[in-house]
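Visitor: My questions will all concern the structure given below.
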Amino acid sequence: MLGIRSFRSLSLCPSSTRAYSSGPKKVAFIGLGNMGSHMCHNLLKKRKDTNNTIIHSVYAYDIHSPSLKSLAEAGAIPLSSLSEMSDADIVITMLPDDAAVNIVLTDLIHVISKQNTKQKNVTFIDCSTIGPVLSKELHAKVLSSSSNSSASFSMLDAPVSGGVNGAKNATLTFMVGGSKDTLDNVQPVLSCMGKSIIHCGPSSMGIVAKLSNNLALATQMIGICEAMNFGTSLGIDPIVLANVMNTSTAKCWSCEVNNPHPLVAANNNGAASRNYEGGFASSLMLKDVGLAVKAGDSSKVALPFGSLAKELYTLVDNTGNGKKDFSIMMEFLRGNLGKNN
């Protein structure tokens, strides 16, 4: 995982420049965690396709060397610092939090502006989930930097939905905020990593869509956990109960695809059947709900269930189960989570 301190100490050495072309793109990918590594691998798969006209080359950067080694073996060009990315036409970031995204994009704008003396078009695509206020500020920073540089910058916020499996199978949904013209230009690259690309509006609207989705998902999962716990505690078979709910009005993703009961989840190898390993981490759900609640507070939008979800996932996180799938809320409601778990 990328750390904040490491970016502050990166060497910003000069590098060669290359003009932007309308042909295959040079893509740099920053952030090679559970999601980013799979997304980067899918770019490399497209590059190896004999009919490829989209990807010229793929640069990869992360302070976690095992990820870099694996991607280098697959054909990526590993980089040791952000300063080596001045050659990229498209820079994709998949980073853990607001601070990391802010530092990386700010440093990249500086690097590319200083190292390119010829006109060059560079598009930043931030797939991280960050606050909408910061996202809008970064869009403005990118735009203002274009007027003060020989390089021409554009930006899209493009958070994703679909989880690790979606990243692995290139079936992610991209929720995109920014210029439609910019999206049209880079859509073939995004299509290498996902099956659905939705333009949500101007800057930060992709982030707003992502936080809205996860706000609903968090409360949805809590409701399913509560109902499954209630029914099974009163004696109904969990598989029977899930079948009833999935053919009735309670049917939803949290009940059908990622059911929180281990016996039900075993039917499709869901996270609950694997001791809640894999899937979407509770700590990440807490982060996303926290971002939504913060944005709601600043915009004076009431989020009573979102605030409750934040409190409940904070309690789950405090038990030391933040890395477990967020369906582990089921075990929390059962009283099975302790601080030493």
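By order of appearance in the structure tokens: chains A, B, ..., then residues from 1 within every chain, and ligands from 1 in the order shown.
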I'd like a table as a tab-separated table: residues in region 33-102 of chain A with an atom no more than 10 Å from region 170-192 of chain A, each row giving the shortest atom pair and its distance in Å to one decimal, only C-alpha atoms counted, sorted by chain and rising residue number.
Guide:
```
residue	atom	partner	partner_atom	distance
A:His38	CA	A:Ala170	CA	8.2
A:Met39	CA	A:Ala170	CA	7.2
A:Cys40	CA	A:Cys192	CA	9.4
A:His41	CA	A:Ala170	CA	9.6
A:Asn42	CA	A:Cys192	CA	6.2
A:Leu43	CA	A:Cys192	CA	5.9
A:Leu44	CA	A:Cys192	CA	9.1
A:Lys45	CA	A:Cys192	CA	8.4
A:Lys46	CA	A:Cys192	CA	6.5
A:Arg47	CA	A:Cys192	CA	9.5
A:Thr53	CA	A:Pro188	CA	9.5
A:Ile54	CA	A:Val189	CA	6.6
A:Ile55	CA	A:Val189	CA	7.3
A:Asp89	CA	A:Val186	CA	9.9
A:Ile90	CA	A:Val186	CA	8.1
A:Ile92	CA	A:Leu190	CA	9.8
```
Visitor: When you look at Leu312 (chain A) with a cut-off of 9 Å (counting only C-alpha atoms), what residues show up, excluding the ones that are within fewer than 2 positions of it in the same chain? I need them as a ChimeraX atom specification.
Guide: /A:222,286,307-310,314-317,329,332
Visitor: How would the residues just chosen look if you wrote them out with all heavy atoms as a short mmCIF file (atom, residue, chain, number, x, y, z; two decimals), in the first residue's frame?
Guide:
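And here is the file that came out, part_18.cif:
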```
data_model
loop_
_atom_site.label_atom_id
_atom_site.label_comp_id
_atom_site.auth_asym_id
_atom_site.auth_seq_id
_atom_site.Cartn_x
_atom_site.Cartn_y
_atom_site.Cartn_z
N ILE A 222 -26.40 -3.81 6.60
CA ILE A 222 -26.78 -3.84 8.02
C ILE A 222 -28.20 -4.39 8.16
O ILE A 222 -28.49 -5.21 9.05
CB ILE A 222 -26.65 -2.44 8.64
CG1 ILE A 222 -25.18 -2.04 8.71
CG2 ILE A 222 -27.27 -2.41 10.04
CD1 ILE A 222 -24.95 -0.58 9.07
N LEU A 286 -16.15 1.69 6.14
CA LEU A 286 -16.16 2.75 7.14
C LEU A 286 -15.61 4.05 6.56
O LEU A 286 -16.17 5.13 6.79
CB LEU A 286 -15.34 2.32 8.36
CG LEU A 286 -15.11 3.39 9.44
CD1 LEU A 286 -16.44 3.88 10.00
CD2 LEU A 286 -14.23 2.82 10.56
N SER A 307 -25.19 7.96 9.30
CA SER A 307 -24.48 8.23 10.55
C SER A 307 -24.48 7.02 11.46
O SER A 307 -23.47 6.70 12.10
CB SER A 307 -25.14 9.42 11.26
OG SER A 307 -25.04 10.60 10.48
N LEU A 308 -25.61 6.29 11.48
CA LEU A 308 -25.69 5.08 12.29
C LEU A 308 -24.77 4.00 11.72
O LEU A 308 -24.08 3.30 12.47
CB LEU A 308 -27.13 4.56 12.35
CG LEU A 308 -27.35 3.26 13.13
CD1 LEU A 308 -26.88 3.41 14.57
CD2 LEU A 308 -28.81 2.85 13.07
N ALA A 309 -24.74 3.89 10.39
CA ALA A 309 -23.85 2.91 9.75
C ALA A 309 -22.39 3.21 10.09
O ALA A 309 -21.60 2.31 10.35
CB ALA A 309 -24.06 2.91 8.24
N LYS A 310 -22.05 4.49 10.08
CA LYS A 310 -20.68 4.88 10.43
C LYS A 310 -20.35 4.45 11.86
O LYS A 310 -19.28 3.90 12.14
CB LYS A 310 -20.51 6.39 10.28
CG LYS A 310 -19.13 6.89 10.67
CD LYS A 310 -19.05 8.40 10.63
CE LYS A 310 -17.69 8.89 11.14
NZ LYS A 310 -17.62 10.36 11.21
N THR A 314 -17.63 1.61 12.82
CA THR A 314 -16.55 2.02 13.72
C THR A 314 -16.39 1.00 14.84
O THR A 314 -15.26 0.62 15.20
CB THR A 314 -16.83 3.41 14.32
OG1 THR A 314 -16.88 4.38 13.27
CG2 THR A 314 -15.75 3.82 15.31
N LEU A 315 -17.50 0.53 15.38
CA LEU A 315 -17.46 -0.48 16.43
C LEU A 315 -16.86 -1.78 15.91
O LEU A 315 -16.06 -2.44 16.60
CB LEU A 315 -18.87 -0.72 16.98
CG LEU A 315 -19.49 0.44 17.76
CD1 LEU A 315 -20.95 0.15 18.09
CD2 LEU A 315 -18.70 0.72 19.03
N VAL A 316 -17.22 -2.18 14.68
CA VAL A 316 -16.64 -3.38 14.07
C VAL A 316 -15.13 -3.20 13.91
O VAL A 316 -14.34 -4.09 14.23
CB VAL A 316 -17.30 -3.67 12.70
CG1 VAL A 316 -16.52 -4.76 11.96
CG2 VAL A 316 -18.74 -4.11 12.90
N ASP A 317 -14.73 -2.04 13.43
CA ASP A 317 -13.31 -1.76 13.21
C ASP A 317 -12.54 -1.80 14.53
O ASP A 317 -11.40 -2.27 14.57
CB ASP A 317 -13.16 -0.38 12.56
CG ASP A 317 -11.81 -0.19 11.91
OD1 ASP A 317 -11.45 -1.01 11.04
OD2 ASP A 317 -11.10 0.76 12.26
N MET A 329 -20.52 -7.71 9.74
CA MET A 329 -21.49 -7.04 10.61
C MET A 329 -22.44 -8.06 11.24
O MET A 329 -22.92 -7.89 12.36
CB MET A 329 -22.28 -6.00 9.82
CG MET A 329 -23.34 -5.25 10.61
SD MET A 329 -22.67 -4.26 11.98
CE MET A 329 -21.77 -2.99 11.07
N PHE A 332 -20.94 -9.27 14.35
CA PHE A 332 -20.99 -8.21 15.36
C PHE A 332 -22.37 -8.17 16.03
O PHE A 332 -22.49 -8.10 17.26
CB PHE A 332 -20.68 -6.85 14.73
CG PHE A 332 -20.80 -5.70 15.69
CD1 PHE A 332 -19.81 -5.46 16.63
CD2 PHE A 332 -21.92 -4.88 15.67
CE1 PHE A 332 -19.94 -4.41 17.54
CE2 PHE A 332 -22.05 -3.82 16.56
CZ PHE A 332 -21.05 -3.58 17.50
#
```
Visitor: If you measure from CA of Leu291 (chain A) to CA of Asp126 (chain A), what distance in Å do you get, rounded to one decimal?
Guide: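 Distance between the two atoms: 16.2 Å.
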Visitor: Using only C-alpha atoms, which of A:Leu211, A:Met330, A:Leu68, A:Val91 sits nearest Phe230 (chain A)?
Guide: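 Among the listed residues, A:Met330 lies closest to Phe230 (chain A).
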Visitor: Quick one: of A:Val101, A:Ala167, A:Leu241, A:Leu337, who's nearest to Met193 (chain A), counting only C-alpha atoms?
Guide: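 For Met193 (chain A), the nearest of the candidates is A:Ala167.
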